[in-house]
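run-v3.cif follows (mmCIF, C-alpha atoms):
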data_final
#
loop_
_atom_site.label_atom_id
_atom_site.label_comp_id
_atom_site.auth_asym_id
_atom_site.auth_seq_id
_atom_site.Cartn_x
_atom_site.Cartn_y
_atom_site.Cartn_z
CA MET A 1 30.10 15.55 -28.97
CA PHE A 2 31.34 13.46 -26.04
CA ASN A 3 28.90 14.90 -23.47
CA PHE A 4 27.02 11.61 -23.18
CA ILE A 5 30.30 10.09 -21.94
CA LEU A 6 31.74 13.17 -20.23
CA VAL A 7 28.92 13.85 -17.77
CA PRO A 8 28.78 10.35 -16.16
CA LEU A 9 32.59 10.10 -16.06
CA LYS A 10 32.83 13.43 -14.26
CA TRP A 11 30.10 12.34 -11.85
CA VAL A 12 32.00 9.14 -11.00
CA ILE A 13 35.28 11.00 -10.37
CA ASP A 14 33.52 13.63 -8.26
CA SER A 15 31.86 10.83 -6.28
CA PHE A 16 35.23 9.20 -5.60
CA TYR A 17 36.56 12.62 -4.56
CA GLY A 18 33.68 12.96 -2.10
CA LEU A 19 34.83 9.68 -0.51
CA THR A 20 38.62 10.18 -0.60
CA GLY A 21 39.11 13.95 -0.55
CA SER A 22 41.90 13.52 -3.10
CA TYR A 23 41.62 13.91 -6.84
CA ALA A 24 44.84 11.96 -7.36
CA LEU A 25 43.46 8.92 -5.51
CA SER A 26 40.05 9.39 -7.14
CA ILE A 27 41.62 9.28 -10.61
CA VAL A 28 43.53 6.08 -9.81
CA LEU A 29 40.39 4.40 -8.43
CA PHE A 30 38.35 5.58 -11.40
CA THR A 31 40.95 4.24 -13.83
CA LEU A 32 40.91 0.86 -12.08
CA VAL A 33 37.11 0.69 -12.44
CA ILE A 34 37.31 1.51 -16.16
CA LYS A 35 39.96 -1.16 -16.70
CA LEU A 36 37.91 -3.78 -14.86
CA ILE A 37 34.89 -2.96 -17.02
CA LEU A 38 36.96 -3.33 -20.20
CA THR A 39 38.75 -6.53 -19.09
CA PRO A 40 36.21 -8.88 -20.76
CA LEU A 41 36.91 -7.16 -24.08
CA ASP A 42 40.66 -7.56 -23.56
CA ILE A 43 40.18 -11.26 -22.83
CA LYS A 44 38.00 -11.68 -25.91
CA GLN A 45 40.59 -9.90 -28.06
CA ARG A 46 43.42 -12.09 -26.79
CA ASN A 47 41.39 -15.27 -27.28
CA ASN A 48 40.60 -14.21 -30.85
CA MET A 49 44.29 -13.58 -31.59
CA ARG A 50 45.06 -17.00 -30.13
CA LYS A 51 42.57 -18.62 -32.50
CA LEU A 52 44.01 -16.68 -35.44
CA THR A 53 47.47 -18.01 -34.61
CA LYS A 54 46.17 -21.59 -34.61
CA LEU A 55 44.65 -21.00 -38.06
CA ASN A 56 48.04 -20.14 -39.57
CA PRO A 57 48.62 -23.57 -41.21
CA LYS A 58 45.21 -23.40 -42.95
CA LEU A 59 45.78 -19.78 -43.94
CA ASN A 60 49.17 -20.70 -45.44
CA VAL A 61 47.50 -23.39 -47.56
CA ILE A 62 44.96 -20.87 -48.87
CA ASN A 63 47.68 -18.32 -49.60
CA GLU A 64 49.73 -20.85 -51.57
CA ARG A 65 46.77 -22.36 -53.43
CA TYR A 66 45.31 -19.02 -54.53
CA ALA A 67 48.49 -16.97 -54.77
CA ASN A 68 47.57 -15.83 -58.29
CA ASP A 69 43.89 -15.20 -57.55
CA PRO A 70 43.55 -12.47 -54.87
CA ASP A 71 39.74 -12.41 -55.02
CA LYS A 72 39.46 -16.15 -54.51
CA LYS A 73 42.06 -16.04 -51.74
CA ALA A 74 40.11 -13.32 -49.91
CA GLN A 75 36.88 -15.28 -50.33
CA LYS A 76 38.36 -18.51 -48.98
CA THR A 77 40.04 -16.67 -46.12
CA MET A 78 36.78 -15.06 -45.03
CA GLU A 79 34.99 -18.41 -45.33
CA LEU A 80 37.59 -19.94 -43.01
CA TYR A 81 37.18 -17.10 -40.50
CA LYS A 82 33.41 -17.57 -40.58
CA LYS A 83 33.66 -21.32 -40.17
CA GLU A 84 36.02 -21.02 -37.21
CA LYS A 85 34.04 -18.08 -35.75
CA VAL A 86 37.06 -15.79 -35.73
CA SER A 87 37.15 -12.10 -36.57
CA PRO A 88 40.39 -10.56 -37.91
CA PHE A 89 39.10 -7.13 -36.86
CA SER A 90 38.32 -7.85 -33.22
CA SER A 91 41.64 -6.36 -32.09
CA CYS A 92 40.29 -2.93 -33.11
CA LEU A 93 37.25 -3.13 -30.82
CA PRO A 94 38.93 -2.25 -27.49
CA MET A 95 40.65 0.72 -29.13
CA LEU A 96 37.40 1.95 -30.71
CA ILE A 97 35.79 1.88 -27.27
CA GLN A 98 38.70 3.44 -25.40
CA LEU A 99 39.29 6.34 -27.80
CA PRO A 100 36.01 8.13 -26.95
CA ILE A 101 36.79 7.59 -23.25
CA LEU A 102 40.27 9.04 -23.78
CA PHE A 103 39.04 12.21 -25.45
CA ALA A 104 36.22 12.52 -22.93
CA MET A 105 38.78 12.24 -20.12
CA ILE A 106 40.66 15.23 -21.56
CA SER A 107 37.45 17.25 -21.23
CA VAL A 108 36.65 15.77 -17.81
CA MET A 109 40.08 16.60 -16.39
CA ASN A 110 39.96 20.09 -17.91
CA SER A 111 36.51 20.61 -16.41
CA ILE A 112 37.65 19.45 -12.97
CA SER A 113 40.81 21.55 -13.20
CA TYR A 114 38.91 24.68 -14.21
CA ASP A 115 36.43 24.24 -11.36
CA ALA A 116 39.25 23.62 -8.87
CA MET A 117 41.18 26.72 -9.93
CA MET A 118 38.02 28.84 -9.82
CA ASN A 119 37.07 27.41 -6.41
CA MET A 120 40.53 28.23 -5.07
CA PHE A 121 40.16 31.83 -6.25
CA LEU A 122 36.62 32.20 -4.85
CA GLU A 123 37.63 30.80 -1.46
CA ALA A 124 40.66 33.10 -1.30
CA HIS A 125 38.49 36.04 -2.37
CA ALA A 126 36.10 35.21 0.48
CA GLY A 127 38.99 35.18 2.96
CA ASN A 128 39.29 31.41 3.21
CA PRO A 129 42.52 30.51 1.39
CA MET A 130 42.82 26.78 0.78
CA PRO A 131 45.88 24.64 0.02
CA ILE A 132 46.42 23.46 -3.51
CA GLU A 133 46.32 19.72 -4.24
CA SER A 134 49.79 18.40 -4.99
CA PHE A 135 50.96 14.95 -6.07
CA LEU A 136 54.44 13.77 -5.10
CA TRP A 137 56.73 16.06 -7.15
CA VAL A 138 53.85 17.95 -8.82
CA ARG A 139 53.02 21.14 -6.93
CA ASN A 140 49.60 21.73 -8.51
CA ILE A 141 47.83 18.69 -9.93
CA PHE A 142 45.62 20.94 -12.06
CA GLN A 143 48.61 22.27 -14.01
CA PRO A 144 50.84 20.25 -16.39
CA ASP A 145 53.71 18.24 -14.95
CA THR A 146 56.39 20.03 -16.97
CA ILE A 147 59.47 22.09 -16.26
CA THR A 148 57.93 24.95 -18.26
CA ALA A 149 54.51 25.14 -16.56
CA PRO A 150 54.05 27.61 -13.67
CA VAL A 151 52.37 26.45 -10.48
CA PHE A 152 49.69 29.08 -11.07
CA PRO A 153 48.88 30.36 -14.56
CA GLU A 154 48.98 34.05 -15.38
CA LEU A 155 45.60 35.74 -15.58
CA GLU A 156 45.66 36.02 -19.38
CA ASN A 157 46.42 32.33 -19.86
CA LEU A 158 43.89 31.28 -17.23
CA LEU A 159 41.15 33.34 -18.87
CA VAL A 160 41.90 31.75 -22.25
CA GLN A 161 41.55 28.31 -20.66
CA LEU A 162 38.38 29.15 -18.77
CA GLU A 163 36.70 30.65 -21.82
CA ARG A 164 36.82 27.16 -23.36
CA ALA A 165 35.44 25.51 -20.22
CA LYS A 166 32.31 23.39 -20.56
CA ASN A 167 30.24 21.37 -18.12
CA THR A 168 31.66 23.13 -15.06
CA ASN A 169 29.72 24.35 -12.06
CA LEU A 170 31.84 27.34 -11.11
CA VAL A 171 32.99 28.81 -14.43
CA THR A 172 30.10 31.25 -14.87
CA PRO A 173 30.09 34.71 -16.47
CA GLU A 174 29.76 36.29 -13.00
CA ASN A 175 32.71 34.37 -11.56
CA LEU A 176 34.80 35.08 -14.66
CA ALA A 177 34.17 38.81 -14.26
CA LEU A 178 35.14 38.58 -10.57
CA LEU A 179 38.26 36.62 -11.47
CA GLU A 180 39.35 39.13 -14.08
CA ALA A 181 38.87 42.03 -11.67
CA HIS A 182 40.60 40.56 -8.59
CA TYR A 183 42.79 37.61 -9.63
CA THR A 184 46.09 39.49 -9.46
CA THR A 185 45.55 40.76 -5.90
CA VAL A 186 43.70 37.75 -4.47
CA MET A 187 46.10 35.15 -5.82
CA ALA A 188 49.24 37.20 -5.18
CA PRO A 189 50.21 35.21 -2.03
CA TYR A 190 49.99 31.92 -3.97
CA VAL A 191 51.91 33.31 -6.93
CA GLU A 192 54.62 34.81 -4.71
CA GLN A 193 54.94 31.57 -2.73
CA PHE A 194 55.83 29.61 -5.86
CA ALA A 195 57.53 32.34 -7.88
CA GLY A 196 60.38 30.88 -9.91
CA TYR A 197 59.24 27.27 -9.38
CA ALA A 198 58.19 24.95 -12.18
CA ASN A 199 55.07 22.94 -11.50
CA GLY A 200 56.77 19.59 -12.11
CA TRP A 201 59.75 17.72 -13.48
CA SER A 202 58.10 16.33 -16.64
CA ILE A 203 58.10 12.85 -15.12
CA LEU A 204 54.47 11.95 -15.87
CA PRO A 205 54.66 12.73 -19.62
CA ILE A 206 57.90 10.77 -20.02
CA LEU A 207 56.54 7.92 -17.90
CA ALA A 208 53.35 7.88 -19.95
CA GLY A 209 55.33 7.56 -23.18
CA GLY A 210 57.55 4.80 -21.83
CA LEU A 211 54.64 2.80 -20.43
CA GLN A 212 52.64 3.22 -23.64
CA PHE A 213 55.59 1.89 -25.65
CA LEU A 214 55.90 -1.10 -23.31
CA GLN A 215 52.16 -1.75 -23.56
CA THR A 216 52.23 -1.77 -27.37
CA LYS A 217 55.12 -4.23 -27.27
CA LEU A 218 53.16 -6.55 -25.01
CA MET A 219 50.07 -6.50 -27.21
CA PRO A 220 49.51 -9.76 -29.09
CA SER A 221 50.34 -9.52 -32.77
CA ASN A 222 48.15 -10.80 -35.57
CA ALA A 223 50.09 -13.75 -36.91
CA SER A 224 48.01 -13.76 -40.09
CA ALA A 225 48.63 -10.10 -40.86
CA ASP A 226 50.21 -9.20 -44.19
CA ALA A 227 53.25 -6.98 -44.73
CA ASN A 228 51.23 -3.76 -44.92
CA GLN A 229 49.39 -4.56 -41.69
CA ASN A 230 52.67 -5.31 -39.91
CA LYS A 231 54.13 -2.04 -41.19
CA ASN A 232 51.11 -0.12 -39.91
CA GLN A 233 51.37 -1.89 -36.56
CA LYS A 234 55.04 -0.89 -36.20
CA MET A 235 54.14 2.71 -37.01
CA MET A 236 51.43 2.68 -34.33
CA ASN A 237 53.92 1.26 -31.83
CA TYR A 238 55.84 4.55 -32.05
CA MET A 239 52.97 6.93 -32.77
CA PHE A 240 50.98 6.12 -29.61
CA PRO A 241 53.89 6.70 -27.19
CA LEU A 242 54.69 10.03 -28.86
CA MET A 243 51.02 10.99 -28.76
CA SER A 244 50.83 10.15 -25.06
CA VAL A 245 53.86 12.34 -24.29
CA PHE A 246 52.30 15.23 -26.23
CA PHE A 247 48.91 14.96 -24.51
CA CYS A 248 50.36 14.56 -21.02
CA TRP A 249 52.72 17.49 -21.62
CA SER A 250 49.88 19.70 -22.88
CA PHE A 251 47.17 18.96 -20.30
CA SER A 252 46.92 18.90 -16.52
CA SER A 253 48.85 16.53 -14.28
CA ALA A 254 45.47 15.05 -13.35
CA PHE A 255 45.02 13.85 -16.92
CA ALA A 256 48.63 12.64 -17.12
CA LEU A 257 48.07 10.66 -13.92
CA TYR A 258 45.01 9.05 -15.50
CA TRP A 259 47.06 8.06 -18.56
CA VAL A 260 49.91 6.61 -16.49
CA ALA A 261 47.52 4.70 -14.20
CA SER A 262 45.63 3.40 -17.24
CA SER A 263 48.88 2.15 -18.80
CA VAL A 264 50.00 0.47 -15.56
CA PHE A 265 46.69 -1.34 -15.12
CA GLY A 266 46.69 -2.21 -18.83
CA ILE A 267 50.16 -3.76 -18.64
CA LEU A 268 49.25 -5.79 -15.54
CA SER A 269 46.06 -6.98 -17.25
CA GLN A 270 47.95 -8.01 -20.40
CA LEU A 271 50.55 -9.92 -18.38
CA LEU A 272 47.87 -11.83 -16.44
CA ILE A 273 45.85 -12.63 -19.58
CA THR A 274 48.99 -13.78 -21.38
CA LEU A 275 49.93 -16.02 -18.45
CA TYR A 276 46.44 -17.52 -18.40
CA TYR A 277 46.44 -18.41 -22.10
CA LYS A 278 49.99 -19.77 -21.93
CA GLN A 279 48.87 -22.14 -19.19
CA LEU A 280 45.77 -23.03 -21.23
CA ASP A 281 47.84 -23.76 -24.35
CA LYS A 282 50.23 -25.88 -22.29
CA LYS A 283 47.34 -27.87 -20.84
CA GLU A 284 45.83 -28.44 -24.29
CA GLU A 285 49.19 -29.62 -25.68
CA GLN A 286 49.49 -32.17 -22.88
CA GLN A 287 46.08 -33.64 -23.58
CA PRO A 288 46.18 -36.87 -25.62
CA GLN A 289 45.04 -36.43 -29.22
CA ILE A 290 42.07 -38.55 -30.27
CA SER A 291 42.55 -39.95 -33.74
#
Please express the file's structure as structure tokens.
Amino acid sequence: MFNFILVPLKWVIDSFYGLTGSYALSIVLFTLVIKLILTPLDIKQRNNMRKLTKLNPKLNVINERYANDPDKKAQKTMELYKKEKVSPFSSCLPMLIQLPILFAMISVMNSISYDAMMNMFLEAHAGNPMPIESFLWVRNIFQPDTITAPVFPELENLLVQLERAKNTNLVTPENLALLEAHYTTVMAPYVEQFAGYANGWSILPILAGGLQFLQTKLMPSNASADANQNKNQKMMNYMFPLMSVFFCWSFSSAFALYWVASSVFGILSQLLITLYYKQLDKKEEQQPQIS
């Protein structure tokens, strides 16, 4: 379903890896590129929310005048939005664009992780053992950053994961058969080296949840929203952080790193955009009003 997004995203990350030799750095650079591409949408969303806030006095008049006529109130409200060229739904646009990217990134990171694990096995099988890619406290970036995840998965669990692999270069029926026949003996030195160690300390999932919560708090609110909309917004403020913890706990550290980097860049972008519009509002307030 997301192949039209997945294939180019994977190509970009692999290209960055060819330049840096590090998937961790490649993911951070890739995330920065995605955020820069989406910045104009973020600016447009913030500007729209700013216009909605300035319409509050007119919206209050409409709400009071047509309090007993919901249909007329909705009609007049939409006419005002059209006249002022403001959309109350524009805040949903960045999310609608980012959700397909998010789900595609799960597949991309899984695909990269599966290829990396298979490549490690094939190189070791050929007598050329290679080091695993770590990231700070994470011993294997292609395994989850949790206190329950092993550095190397057991054969049964790895086969279950690889059977679901798509769009990978190395996960072929021939390589799967070779893996099933020789994984235990070929990977024994790796497994013994990290026996009894957890792959991580669960820092990335927790960090992802905390940063997502902070990001939702920094998002501009719709001043014209009704009680139900505000209630839904509060629910989303807690649902997204919990969802981010679950995803980053369930998938590889590579994906969790993408989520954390995306949140960091998102927060920095929101702070800069907020500062810009605060300065713009201040400048407009200082301008003399022409009567």
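When CA of Arg65 in chain A is paired with CA of Glu84 in chain A, their separation reads 19.5 Å.
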Which residues, named as in the file, does the PyMOL selection byres ((chain A and resi 22) around 12) pick out? Answer as JSON, numbers by chain.
{"A": [13, 14, 15, 16, 17, 18, 19, 20, 21, 23, 24, 25, 26, 27, 28, 29, 116, 132, 133, 134, 135, 141, 254]}
Expressed in Å, the length from CA of Asp281 in chain A to CA of Ile37 in chain A is 25.6 Å
If you take every atom of range 65-70 of chain A that the file lists and fit an axis-aligned box around them with 3 Å extra on each side, what centre and edge lengths come out in Å to one decimal, as AutoDock Vina command-line options?
--center_x 46.0 --center_y -17.4 --center_z -55.9 --size_x 10.9 --size_y 15.9 --size_z 10.9
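The interatomic distance for the pair CA of Leu242 in chain A and CA of Ser263 in chain A works out to 14.0 Å.
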Evaluate the PyMOL selection byres ((chain A and resi 123-130) around 12) and record the selected residues as a PDB file with C-alpha atoms, in the coordinates of the input, following the chain and residue labels used in the document.
ATOM      1  CA  ASP A 115      36.430  24.240 -11.360  1.00  0.00           C
ATOM      2  CA  ALA A 116      39.250  23.620  -8.870  1.00  0.00           C
ATOM      3  CA  MET A 117      41.180  26.720  -9.930  1.00  0.00           C
ATOM      4  CA  MET A 118      38.020  28.840  -9.820  1.00  0.00           C
ATOM      5  CA  ASN A 119      37.070  27.410  -6.410  1.00  0.00           C
ATOM      6  CA  MET A 120      40.530  28.230  -5.070  1.00  0.00           C
ATOM      7  CA  PHE A 121      40.160  31.830  -6.250  1.00  0.00           C
ATOM      8  CA  LEU A 122      36.620  32.200  -4.850  1.00  0.00           C
ATOM      9  CA  PRO A 131      45.880  24.640   0.020  1.00  0.00           C
ATOM     10  CA  ILE A 132      46.420  23.460  -3.510  1.00  0.00           C
ATOM     11  CA  GLU A 133      46.320  19.720  -4.240  1.00  0.00           C
ATOM     12  CA  LEU A 170      31.840  27.340 -11.110  1.00  0.00           C
ATOM     13  CA  ASN A 175      32.710  34.370 -11.560  1.00  0.00           C
ATOM     14  CA  LEU A 178      35.140  38.580 -10.570  1.00  0.00           C
ATOM     15  CA  LEU A 179      38.260  36.620 -11.470  1.00  0.00           C
ATOM     16  CA  ALA A 181      38.870  42.030 -11.670  1.00  0.00           C
ATOM     17  CA  HIS A 182      40.600  40.560  -8.590  1.00  0.00           C
ATOM     18  CA  TYR A 183      42.790  37.610  -9.630  1.00  0.00           C
ATOM     19  CA  THR A 184      46.090  39.490  -9.460  1.00  0.00           C
ATOM     20  CA  THR A 185      45.550  40.760  -5.900  1.00  0.00           C
ATOM     21  CA  VAL A 186      43.700  37.750  -4.470  1.00  0.00           C
ATOM     22  CA  MET A 187      46.100  35.150  -5.820  1.00  0.00           C
ATOM     23  CA  ALA A 188      49.240  37.200  -5.180  1.00  0.00           C
ATOM     24  CA  PRO A 189      50.210  35.210  -2.030  1.00  0.00           C
ATOM     25  CA  TYR A 190      49.990  31.920  -3.970  1.00  0.00           C
TER      26      TYR A 190
END
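Nearest to Val151 in chain A of all the residues A:Pro100, A:Val86, A:Ser252, A:Ile106 is A:Ser252, based on all atoms listed in the file.
Proximity to Ser253 in chain A was assessed for A:Thr168, A:Gln161, A:Ser107, A:Ser202 counting all atoms listed in the file; the smallest distance is recorded for A:Ser202.
In this comparison, which uses all atoms listed in the file, the residue of A:Ala74, A:Ile112, A:Leu207, A:Ala198 approaching Ser262 in chain A most closely is A:Leu207.
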Q) Selected by the PyMOL selection byres ((chain A and resi 271) around 12) in the shown coordinates: which residues, as a ChimeraX atom specification? A) /A:42-43,46,214-215,217-220,264-270,272-278
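The environment of Trp137 in chain A within 10 Å, counting only C-alpha atoms and disregarding residues fewer than 4 places along the same chain, consists of Ile141, Asp145, Asn199, Gly200, Trp201, Ser202, Ile203 and Leu204 of chain A.
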| said: Need the shell around Lys54 in chain A: protein/DNA/RNA residues with any atom at most 12 Å away, counting only C-alpha atoms. Skip same-chain ones fewer than 2 positions apart. Format as a PyMOL selection string? | reply: chain A and resi 47-52+56-60+81+84+86+222-224+281
| said: I'd like the neighbourhood of Leu6 in chain A as a PyMOL selection string, where a residue qualifies if any of its atoms comes within 12 Å (using only C-alpha atoms), though same-chain residues fewer than 2 positions away should be ignored. | reply: chain A and resi 1-4+8-13+100-112+166-168
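Proximity to Phe247 in chain A at 9 Å, evaluated using only C-alpha atoms and with sequence-adjacent residues fewer than 3 positions away removed, yields Ile106, Pro205, Leu242, Met243, Ser244, Ser250, Phe251, Phe255 and Ala256 of chain A.
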Closest of A:Leu176, A:Met239, A:Ala208, A:Ala195 to Ala149 in chain A, counting all atoms listed in the file, is A:Ala195
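Comparing A:Leu36, A:Leu257, A:Val61, A:Leu80 by their smallest distance to Gln143 in chain A, the closest is A:Leu257 (using all atoms listed in the file).
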Please supply range 136-152 of chain A, rebuilt with N, CA and C atoms, as an mmCIF file, keeping the file's coordinate frame.
data_model
loop_
_atom_site.group_PDB
_atom_site.id
_atom_site.type_symbol
_atom_site.label_atom_id
_atom_site.label_comp_id
_atom_site.auth_asym_id
_atom_site.auth_seq_id
_atom_site.Cartn_x
_atom_site.Cartn_y
_atom_site.Cartn_z
ATOM 1 N N LEU A 136 53.010 14.088 -5.121
ATOM 2 C CA LEU A 136 54.440 13.770 -5.100
ATOM 3 C C LEU A 136 55.252 14.988 -5.527
ATOM 4 N N TRP A 137 55.888 14.946 -6.700
ATOM 5 C CA TRP A 137 56.730 16.060 -7.150
ATOM 6 C C TRP A 137 55.930 17.182 -7.819
ATOM 7 N N VAL A 138 54.680 16.945 -8.146
ATOM 8 C CA VAL A 138 53.850 17.950 -8.820
ATOM 9 C C VAL A 138 53.254 18.885 -7.771
ATOM 10 N N ARG A 139 53.489 20.170 -7.923
ATOM 11 C CA ARG A 139 53.020 21.140 -6.930
ATOM 12 C C ARG A 139 51.532 21.452 -7.057
ATOM 13 N N ASN A 140 51.025 21.458 -8.275
ATOM 14 C CA ASN A 140 49.600 21.730 -8.510
ATOM 15 C C ASN A 140 49.101 20.714 -9.532
ATOM 16 N N ILE A 141 48.267 19.789 -9.063
ATOM 17 C CA ILE A 141 47.830 18.690 -9.930
ATOM 18 C C ILE A 141 46.974 19.182 -11.088
ATOM 19 N N PHE A 142 46.487 20.415 -11.003
ATOM 20 C CA PHE A 142 45.620 20.940 -12.060
ATOM 21 C C PHE A 142 46.394 21.740 -13.110
ATOM 22 N N GLN A 143 47.724 21.708 -13.002
ATOM 23 C CA GLN A 143 48.610 22.270 -14.010
ATOM 24 C C GLN A 143 49.483 21.159 -14.584
ATOM 25 N N PRO A 144 50.021 21.324 -15.802
ATOM 26 C CA PRO A 144 50.840 20.250 -16.390
ATOM 27 C C PRO A 144 52.083 19.932 -15.569
ATOM 28 N N ASP A 145 52.472 18.680 -15.599
ATOM 29 C CA ASP A 145 53.710 18.240 -14.950
ATOM 30 C C ASP A 145 54.856 18.461 -15.948
ATOM 31 N N THR A 146 55.284 19.710 -16.069
ATOM 32 C CA THR A 146 56.390 20.030 -16.970
ATOM 33 C C THR A 146 57.294 21.056 -16.308
ATOM 34 N N ILE A 147 58.504 21.131 -16.807
ATOM 35 C CA ILE A 147 59.470 22.090 -16.260
ATOM 36 C C ILE A 147 59.194 23.501 -16.769
ATOM 37 N N THR A 148 58.252 23.631 -17.707
ATOM 38 C CA THR A 148 57.930 24.950 -18.260
ATOM 39 C C THR A 148 56.622 25.512 -17.719
ATOM 40 N N ALA A 149 55.821 24.683 -17.040
ATOM 41 C CA ALA A 149 54.510 25.140 -16.560
ATOM 42 C C ALA A 149 54.652 25.801 -15.189
ATOM 43 N N PRO A 150 54.046 26.984 -14.993
ATOM 44 C CA PRO A 150 54.050 27.610 -13.670
ATOM 45 C C PRO A 150 53.079 26.893 -12.745
ATOM 46 N N VAL A 151 53.272 27.058 -11.454
ATOM 47 C CA VAL A 151 52.370 26.450 -10.480
ATOM 48 C C VAL A 151 50.983 27.068 -10.611
ATOM 49 N N PHE A 152 50.945 28.382 -10.831
ATOM 50 C CA PHE A 152 49.690 29.080 -11.070
ATOM 51 C C PHE A 152 49.796 29.837 -12.387
#
